[in-house]
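S.K.: target.txt is reproduced below (compact mmCIF, C-alpha atoms).
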```
# COMPACT_ATOMS: atom_id res chain seq x y z
CA MET H 226 -15.56 1.54 -13.28
CA LYS H 227 -15.82 -1.05 -10.52
CA TYR H 228 -15.96 -4.79 -11.04
CA CYS H 229 -17.06 -7.75 -8.92
CA LYS H 230 -15.60 -10.93 -10.38
CA ASP H 231 -14.30 -14.37 -9.52
CA LEU H 232 -10.57 -14.19 -10.24
CA THR H 233 -8.35 -17.26 -10.57
CA VAL H 234 -5.54 -17.86 -8.10
CA VAL H 235 -2.23 -18.18 -9.97
CA SER H 236 -0.14 -18.87 -6.88
CA VAL H 237 0.01 -18.39 -3.13
CA GLU H 238 3.44 -17.65 -1.72
CA HIS H 239 3.92 -17.82 2.05
CA LEU H 240 6.53 -15.14 2.73
CA THR H 241 6.56 -15.69 6.50
CA GLU H 242 4.29 -17.37 9.02
CA LYS H 243 2.19 -14.21 9.05
CA TYR H 244 2.29 -12.88 5.48
CA VAL H 245 1.17 -14.39 2.19
CA LEU H 246 1.39 -13.08 -1.38
CA ILE H 247 -1.62 -14.04 -3.52
CA LYS H 248 -1.38 -13.65 -7.29
CA LEU H 249 -4.64 -13.50 -9.26
CA THR H 250 -5.58 -13.41 -12.92
CA ASP H 251 -8.62 -13.34 -15.19
CA GLN H 252 -9.49 -14.64 -18.64
CA GLU H 253 -10.18 -11.06 -19.69
CA PRO H 254 -7.66 -8.19 -19.45
CA LEU H 255 -7.62 -6.67 -15.99
CA PRO H 256 -8.96 -3.10 -15.81
CA GLU H 257 -6.77 -0.06 -15.24
CA MET H 258 -5.76 0.25 -11.59
CA MET H 259 -3.85 2.97 -9.77
CA PRO H 260 -1.25 2.61 -7.02
CA GLY H 261 -2.96 3.14 -3.68
CA GLN H 262 -6.30 1.66 -4.68
CA PHE H 263 -7.60 -1.43 -2.91
CA VAL H 264 -9.90 -4.41 -3.34
CA GLU H 265 -12.60 -6.03 -1.21
CA VAL H 266 -12.39 -9.83 -1.20
CA ARG H 267 -15.10 -12.27 -0.19
CA VAL H 268 -13.87 -14.93 2.21
CA ASP H 269 -15.44 -18.29 1.47
CA GLY H 270 -15.09 -21.30 3.77
CA SER H 271 -15.05 -19.20 6.94
CA PRO H 272 -18.51 -19.37 8.61
CA GLN H 273 -17.71 -16.55 11.04
CA THR H 274 -16.47 -14.13 8.37
CA PHE H 275 -19.51 -12.24 7.11
CA LEU H 276 -17.93 -9.13 5.64
CA ARG H 277 -15.46 -8.68 2.82
CA ARG H 278 -11.86 -7.88 3.67
CA PRO H 279 -10.15 -4.75 2.27
CA ILE H 280 -6.67 -5.40 0.88
CA SER H 281 -4.26 -2.97 -0.77
CA ILE H 282 -3.20 -3.68 -4.33
CA ASN H 283 0.41 -4.78 -4.00
CA ASN H 284 1.18 -4.81 -7.71
CA VAL H 285 -0.32 -5.18 -11.16
CA VAL H 286 1.81 -7.01 -13.72
CA ALA H 287 0.25 -6.09 -17.05
CA GLY H 288 2.41 -8.47 -19.08
CA LYS H 289 1.11 -11.42 -17.10
CA ASN H 290 -2.38 -9.98 -16.53
CA GLU H 291 -1.87 -10.47 -12.79
CA LEU H 292 -3.12 -8.68 -9.69
CA HIS H 293 -1.03 -9.22 -6.55
CA LEU H 294 -2.30 -8.96 -2.97
CA LEU H 295 -0.06 -8.95 0.11
CA VAL H 296 -2.13 -10.32 2.99
CA ALA H 297 -1.37 -10.21 6.71
CA MET H 298 -2.98 -13.30 8.24
CA ILE H 299 -4.12 -11.79 11.53
CA GLY H 300 -7.72 -12.98 11.85
CA GLU H 301 -9.91 -15.89 10.84
CA GLY H 302 -10.85 -14.31 7.51
CA THR H 303 -7.32 -13.47 6.38
CA ARG H 304 -6.00 -16.80 7.67
CA GLN H 305 -8.58 -18.50 5.45
CA LEU H 306 -7.21 -16.56 2.48
CA GLY H 307 -3.84 -18.11 3.26
CA THR H 308 -5.26 -21.58 2.58
CA LEU H 309 -6.00 -20.79 -1.08
CA HIS H 310 -4.27 -22.82 -3.77
CA SER H 311 -3.44 -22.38 -7.44
CA GLY H 312 -6.59 -22.76 -9.50
CA ASP H 313 -8.97 -21.68 -6.74
CA ARG H 314 -11.39 -18.82 -7.37
CA LEU H 315 -11.53 -15.66 -5.26
CA ASN H 316 -14.39 -13.17 -5.53
CA VAL H 317 -12.94 -9.67 -5.72
CA MET H 318 -14.58 -6.24 -5.90
CA TYR H 319 -12.14 -3.80 -7.49
CA PRO H 320 -10.57 -1.32 -8.05
CA LEU H 321 -11.79 0.81 -5.14
CA GLY H 322 -10.81 4.19 -3.71
CA ASN H 323 -8.40 6.83 -4.94
CA GLY H 324 -4.70 6.31 -5.49
CA PHE H 325 -1.46 8.18 -4.95
CA THR H 326 -0.55 11.25 -6.97
CA LEU H 327 2.12 10.28 -9.47
CA PRO H 328 5.20 12.51 -9.66
CA ALA H 329 5.53 14.86 -12.60
CA LYS H 330 8.50 16.15 -14.57
CA ASP H 331 9.74 19.68 -14.04
CA PRO H 332 8.50 21.52 -17.17
CA SER H 333 11.65 23.62 -17.38
CA THR H 334 14.22 20.85 -16.94
CA GLY H 335 12.31 17.69 -17.86
CA VAL H 336 13.62 16.05 -14.69
CA MET H 337 11.27 13.74 -12.79
CA ALA H 338 10.42 14.81 -9.25
CA ARG H 339 12.20 12.86 -6.52
CA HIS H 340 9.74 10.63 -4.69
CA LEU H 341 10.27 9.03 -1.27
CA LEU H 342 8.03 6.07 -0.42
CA VAL H 343 7.89 5.25 3.31
CA GLY H 344 6.31 2.04 4.57
CA GLY H 345 6.04 -0.10 7.66
CA GLY H 346 4.67 -3.60 8.23
CA VAL H 347 2.04 -4.71 5.73
CA GLY H 348 1.74 -1.01 4.86
CA VAL H 349 4.59 -1.53 2.40
CA ALA H 350 2.10 -3.34 0.13
CA PRO H 351 0.85 -0.46 -2.08
CA LEU H 352 4.29 1.13 -2.33
CA LEU H 353 5.64 -1.58 -4.63
CA PHE H 354 2.96 -0.80 -7.21
CA LEU H 355 3.63 2.93 -6.85
CA GLY H 356 7.36 2.45 -7.24
CA SER H 357 6.83 0.25 -10.28
CA ARG H 358 4.68 2.92 -11.91
CA ILE H 359 7.27 5.61 -11.15
CA LYS H 360 9.95 3.46 -12.80
CA GLU H 361 7.74 2.97 -15.87
CA MET H 362 7.42 6.76 -16.10
CA GLY H 363 11.20 7.12 -16.21
CA GLY H 364 11.67 8.15 -12.59
CA GLU H 365 13.40 6.52 -9.65
CA ALA H 366 11.61 5.61 -6.46
CA THR H 367 13.42 5.67 -3.15
CA PHE H 368 11.97 3.30 -0.56
CA LEU H 369 12.39 3.77 3.17
CA LEU H 370 11.02 0.64 4.85
CA GLY H 371 10.73 0.06 8.58
CA ALA H 372 10.08 -3.00 10.72
CA ARG H 373 10.58 -4.28 14.23
CA THR H 374 13.20 -6.86 13.23
CA GLU H 375 14.94 -8.11 10.10
CA LYS H 376 12.48 -11.04 9.95
CA ASP H 377 9.58 -8.58 9.64
CA LEU H 378 10.91 -6.92 6.48
CA LEU H 379 8.87 -7.94 3.45
CA MET H 380 9.65 -8.36 -0.26
CA LEU H 381 12.99 -6.52 -0.14
CA GLU H 382 14.23 -8.07 -3.38
CA ALA H 383 11.07 -7.01 -5.21
CA PHE H 384 11.54 -3.45 -3.98
CA ARG H 385 15.22 -3.46 -4.99
CA GLN H 386 14.22 -4.37 -8.55
CA VAL H 387 12.13 -1.19 -8.69
CA GLY H 388 14.22 1.44 -6.90
CA ARG H 389 16.64 2.27 -4.12
CA VAL H 390 15.89 0.65 -0.77
CA PHE H 391 16.79 1.92 2.70
CA VAL H 392 15.81 0.07 5.86
CA THR H 393 15.34 0.67 9.55
CA THR H 394 14.63 -1.88 12.27
CA GLU H 395 13.77 -1.15 15.86
CA ASP H 396 16.30 -3.68 17.15
CA GLY H 397 19.04 -2.81 14.66
CA SER H 398 19.09 -6.29 13.10
CA ALA H 399 18.98 -4.76 9.59
CA GLY H 400 19.64 -1.30 8.20
CA GLU H 401 19.79 1.59 10.65
CA LYS H 402 18.47 1.13 14.15
CA GLY H 403 15.36 3.11 15.06
CA PHE H 404 12.26 4.36 13.29
CA VAL H 405 11.95 5.46 9.67
CA THR H 406 11.91 9.13 10.68
CA ASN H 407 15.35 8.64 12.27
CA HIS H 408 17.02 7.40 9.09
CA SER H 409 20.02 9.42 7.94
CA ILE H 410 18.76 9.71 4.35
CA LEU H 411 16.21 12.29 5.52
CA ASN H 412 19.09 14.61 6.43
CA GLU H 413 21.32 13.74 3.50
CA GLU H 414 18.94 14.01 0.53
CA HIS H 415 16.06 16.19 -0.63
CA PHE H 416 12.76 14.82 -1.93
CA ASP H 417 9.92 16.55 -3.75
CA TYR H 418 7.11 14.19 -2.69
CA ILE H 419 6.51 11.70 0.11
CA SER H 420 4.01 8.84 0.04
CA THR H 421 3.55 6.67 3.10
CA CYS H 422 1.52 3.72 4.34
CA GLY H 423 1.78 1.73 7.55
CA PRO H 424 0.94 1.98 11.26
CA LYS H 425 -0.78 5.26 12.12
CA PRO H 426 1.93 6.49 14.57
CA MET H 427 4.52 6.00 11.82
CA MET H 428 2.46 7.88 9.24
CA VAL H 429 1.81 10.74 11.67
CA ALA H 430 5.54 11.04 12.33
CA VAL H 431 6.30 11.00 8.59
CA ALA H 432 3.61 13.62 7.95
CA ARG H 433 5.06 15.89 10.63
CA TYR H 434 8.52 15.54 9.14
CA ALA H 435 7.13 16.38 5.70
CA GLU H 436 5.31 19.44 7.02
CA LYS H 437 8.44 20.79 8.70
CA ALA H 438 10.46 20.14 5.55
CA ASP H 439 7.72 21.70 3.38
CA ILE H 440 7.33 18.54 1.30
CA PRO H 441 3.90 17.46 -0.01
CA CYS H 442 2.90 14.23 1.71
CA GLU H 443 0.15 11.71 1.01
CA VAL H 444 -0.84 8.99 3.45
CA SER H 445 -2.72 5.77 2.73
CA LEU H 446 -5.06 5.13 5.63
CA GLU H 447 -5.91 1.62 6.80
CA ASN H 448 -9.30 2.28 8.40
CA LYS H 449 -11.76 -0.57 8.73
CA MET H 450 -13.73 -0.83 5.49
CA ALA H 451 -16.64 -3.26 5.47
CA CYS H 452 -18.19 -2.33 2.13
CA GLY H 453 -15.67 -0.23 0.21
CA LEU H 454 -18.45 1.88 -1.29
CA GLY H 455 -19.20 4.47 1.40
CA ALA H 456 -22.41 2.84 2.62
CA CYS H 457 -21.48 1.26 5.96
CA LEU H 458 -19.66 4.31 7.44
CA CYS H 459 -17.07 2.11 9.16
CA CYS H 460 -14.14 4.09 7.76
CA VAL H 461 -15.17 7.66 8.56
CA GLU H 462 -12.27 10.02 9.28
CA LYS H 463 -12.39 13.60 10.53
CA THR H 464 -10.72 16.17 8.29
CA ASN H 465 -9.66 19.78 8.70
CA ASP H 466 -11.66 21.04 5.72
CA LYS H 467 -14.82 18.98 5.14
CA GLY H 468 -15.76 17.54 8.52
CA ASN H 469 -16.04 13.78 8.11
CA ILE H 470 -15.29 11.74 5.00
CA CYS H 471 -15.47 8.06 4.06
CA ILE H 472 -11.91 6.91 3.52
CA CYS H 473 -13.01 4.09 1.21
CA THR H 474 -14.40 6.56 -1.34
CA GLU H 475 -12.39 9.78 -0.78
CA GLY H 476 -9.26 7.85 0.17
CA PRO H 477 -7.61 5.65 1.16
CA VAL H 478 -4.90 8.02 -0.07
CA ILE H 479 -5.29 11.53 1.27
CA ASN H 480 -3.12 14.62 1.69
CA ALA H 481 -1.70 14.48 5.19
CA LYS H 482 -2.52 18.14 5.88
CA ARG H 483 -6.23 17.39 5.53
CA ILE H 484 -6.21 15.19 8.62
CA TRP H 485 -3.05 15.80 10.67
CA GLN H 486 -1.57 19.15 11.55
CA ASP H 487 0.60 20.24 14.45
```
Could you show the structure in this file as structure tokens?

M.R.:
Amino acid sequence: MKYCKDLTVVSVEHLTEKYVLIKLTDQEPLPEMMPGQFVEVRVDGSPQTFLRRPISINNVVAGKNELHLLVAMIGEGTRQLGTLHSGDRLNVMYPLGNGFTLPAKDPSTGVMARHLLVGGGVGVAPLLFLGSRIKEMGGEATFLLGARTEKDLLMLEAFRQVGRVFVTTEDGSAGEKGFVTNHSILNEEHFDYISTCGPKPMMVAVARYAEKADIPCEVSLENKMACGLGACLCCVEKTNDKGNICICTEGPVINAKRIWQD
């Protein structure tokens, strides 16, 4: 079920000059949400922002009845979101789209599948929620996070509280130098599933690695989504099996083989 409600701002934390973490709550219990789903927020106070803005669900803290959104302030609409304060109201349509496939236990051994979560830039946002859910299920998430520089790495402490964290930076200022697909862990360890979100070139590279390694891989696409309901056709993506699909309704999480193949 989808909801359209005015949620209350608990806090607004400016992580960097570009990124802000907005925590929201409601008087009623928040509905069930899945890692990988997203919301559409209405931007008030910005005369030139007519359409809602799609934002990945960064985390859901059931004990506090909180919904967290990691926002990159890159345009007038998202910059306006960064001016919110505790106690303000934000109109949110949620939860939208389909989420990541959660890892399962091996029926013969009872061991949880090993899950690698690869993110870059603001694309790390939905991976925290996914990693948290994996931890709740008794598994261990391994995060591989990439950025241009150390200053661009986001929420590392939050990720470390959930699972193992490995880092790459293009300039070598933190972790291993290079791209996520160059990290040594890919040669040293085996994983049963890969989930990734971030810049398209990064996700394509991760998907190609997964295909060569014969590892199931899901990608969370960041297409433009004006409505979130499949009506505006802004987010259409070509697939290998069904022609064109609306990512907001059949995604944003999709099996990489459906859209990218060598």

S.K.: May I ask for the distance between CA of Gln262 in chain H and CA of Pro328 in chain H, given in Å to one decimal place?

M.R.: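 Separating CA of Gln262 in chain H from CA of Pro328 in chain H is a distance of 16.6 Å.
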
S.K.: At most 7 Å from (-13.6, 7.5, 7.1), file frame, all atoms listed in the file: which residues, as a list in words?

M.R.: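 Checked against the point, the hits come out as Asn448, Leu458, Cys459, Cys460, Val461, Glu462, Asn469, Ile470, Cys471, Ile472 and Cys473 of chain H.
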
S.K.: Near Gly345 in chain H, within 10 Å and counting all atoms listed in the file, which residues show up once chain neighbours fewer than 3 positions away are dropped, as an MDAnalysis selection string?

M.R.: chainID H and resid 348:350 369:373 377:379 392:394 404:405 421:425 427:428

S.K.: With only C-alpha atoms as the counted atoms, please give the residues lying no more than 12 Å from Gln305 in chain H, apart from itself and same-chain residues fewer than 2 positions off, as a PyMOL selection string.

M.R.: chain H and resi 245+266-274+278+296-303+307-310+315

S.K.: Let me make sure I understand: among H:Leu246, H:Ala383, H:Leu232, H:Val429, which one has the smallest atom-to-atom distance to Leu446 in chain H if we use all atoms listed in the file?

M.R.: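 Smallest separation from Leu446 in chain H among the options: H:Val429.
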
S.K.: Return the single residue from H:Lys230, H:His293, H:Arg277, H:His239 that is closest to Glu253 in chain H, with distances computed using all atoms listed in the file.

M.R.: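 Smallest distance to Glu253 in chain H is found for H:Lys230.
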
S.K.: Would you please work out which residue, of H:Val478, H:Ile410, H:Ala338, H:Leu249, is nearest to Gly364 in chain H when using all atoms listed in the file?

M.R.: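 For Gly364 in chain H, the nearest of the candidates is H:Ala338.
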
S.K.: Could you state the separation of CA of Asn290 in chain H and CA of Gly344 in chain H in Å, given to one decimal place?

M.R.: 25.8 Å

S.K.: Quick one: everything within 7 Å of Leu321 in chain H, counting only C-alpha atoms, minus sequence neighbours fewer than 3 positions away in the same chain. Send it as a ChimeraX atom specification.

M.R.: /H:227,262-264,453

S.K.: Can you take the partial range 297-311 of chain H, add N, CA, C and O atoms, and return it as an mmCIF file, keeping the file's coordinate frame?

M.R.:
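out30.cif was written with the following content:
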```
data_model
loop_
_atom_site.group_PDB
_atom_site.id
_atom_site.type_symbol
_atom_site.label_atom_id
_atom_site.label_comp_id
_atom_site.auth_asym_id
_atom_site.auth_seq_id
_atom_site.Cartn_x
_atom_site.Cartn_y
_atom_site.Cartn_z
ATOM 1 N N ALA H 297 -1.809 -9.902 5.355
ATOM 2 C CA ALA H 297 -1.370 -10.210 6.710
ATOM 3 C C ALA H 297 -2.418 -11.123 7.340
ATOM 4 O O ALA H 297 -3.572 -10.725 7.516
ATOM 5 N N MET H 298 -2.036 -12.330 7.688
ATOM 6 C CA MET H 298 -2.980 -13.300 8.240
ATOM 7 C C MET H 298 -3.097 -13.087 9.748
ATOM 8 O O MET H 298 -2.421 -13.730 10.548
ATOM 9 N N ILE H 299 -4.006 -12.172 10.122
ATOM 10 C CA ILE H 299 -4.120 -11.790 11.530
ATOM 11 C C ILE H 299 -5.460 -12.152 12.149
ATOM 12 O O ILE H 299 -5.643 -12.012 13.350
ATOM 13 N N GLY H 300 -6.398 -12.596 11.350
ATOM 14 C CA GLY H 300 -7.720 -12.980 11.850
ATOM 15 C C GLY H 300 -8.214 -14.193 11.086
ATOM 16 O O GLY H 300 -7.569 -14.693 10.161
ATOM 17 N N GLU H 301 -9.389 -14.681 11.472
ATOM 18 C CA GLU H 301 -9.910 -15.890 10.840
ATOM 19 C C GLU H 301 -10.091 -15.707 9.336
ATOM 20 O O GLU H 301 -9.771 -16.604 8.540
ATOM 21 N N GLY H 302 -10.606 -14.539 8.930
ATOM 22 C CA GLY H 302 -10.850 -14.310 7.510
ATOM 23 C C GLY H 302 -9.574 -14.313 6.696
ATOM 24 O O GLY H 302 -9.478 -14.986 5.667
ATOM 25 N N THR H 303 -8.572 -13.546 7.136
ATOM 26 C CA THR H 303 -7.320 -13.470 6.380
ATOM 27 C C THR H 303 -6.528 -14.775 6.483
ATOM 28 O O THR H 303 -5.810 -15.130 5.543
ATOM 29 N N ARG H 304 -6.654 -15.487 7.590
ATOM 30 C CA ARG H 304 -6.000 -16.800 7.670
ATOM 31 C C ARG H 304 -6.616 -17.772 6.671
ATOM 32 O O ARG H 304 -5.922 -18.614 6.092
ATOM 33 N N GLN H 305 -7.929 -17.651 6.439
ATOM 34 C CA GLN H 305 -8.580 -18.500 5.450
ATOM 35 C C GLN H 305 -8.056 -18.194 4.054
ATOM 36 O O GLN H 305 -7.879 -19.099 3.229
ATOM 37 N N LEU H 306 -7.776 -16.926 3.780
ATOM 38 C CA LEU H 306 -7.210 -16.560 2.480
ATOM 39 C C LEU H 306 -5.855 -17.247 2.270
ATOM 40 O O LEU H 306 -5.486 -17.581 1.143
ATOM 41 N N GLY H 307 -5.144 -17.455 3.353
ATOM 42 C CA GLY H 307 -3.840 -18.110 3.260
ATOM 43 C C GLY H 307 -3.913 -19.574 2.904
ATOM 44 O O GLY H 307 -2.883 -20.186 2.592
ATOM 45 N N THR H 308 -5.107 -20.157 2.924
ATOM 46 C CA THR H 308 -5.260 -21.580 2.580
ATOM 47 C C THR H 308 -5.599 -21.774 1.096
ATOM 48 O O THR H 308 -5.783 -22.910 0.652
ATOM 49 N N LEU H 309 -5.701 -20.678 0.341
ATOM 50 C CA LEU H 309 -6.000 -20.790 -1.080
ATOM 51 C C LEU H 309 -4.875 -21.510 -1.822
ATOM 52 O O LEU H 309 -3.713 -21.487 -1.403
ATOM 53 N N HIS H 310 -5.243 -22.125 -2.954
ATOM 54 C CA HIS H 310 -4.270 -22.820 -3.770
ATOM 55 C C HIS H 310 -4.416 -22.394 -5.231
ATOM 56 O O HIS H 310 -5.442 -21.850 -5.631
ATOM 57 N N SER H 311 -3.397 -22.665 -6.007
ATOM 58 C CA SER H 311 -3.440 -22.380 -7.440
ATOM 59 C C SER H 311 -4.660 -23.043 -8.063
ATOM 60 O O SER H 311 -4.936 -24.214 -7.827
#
```
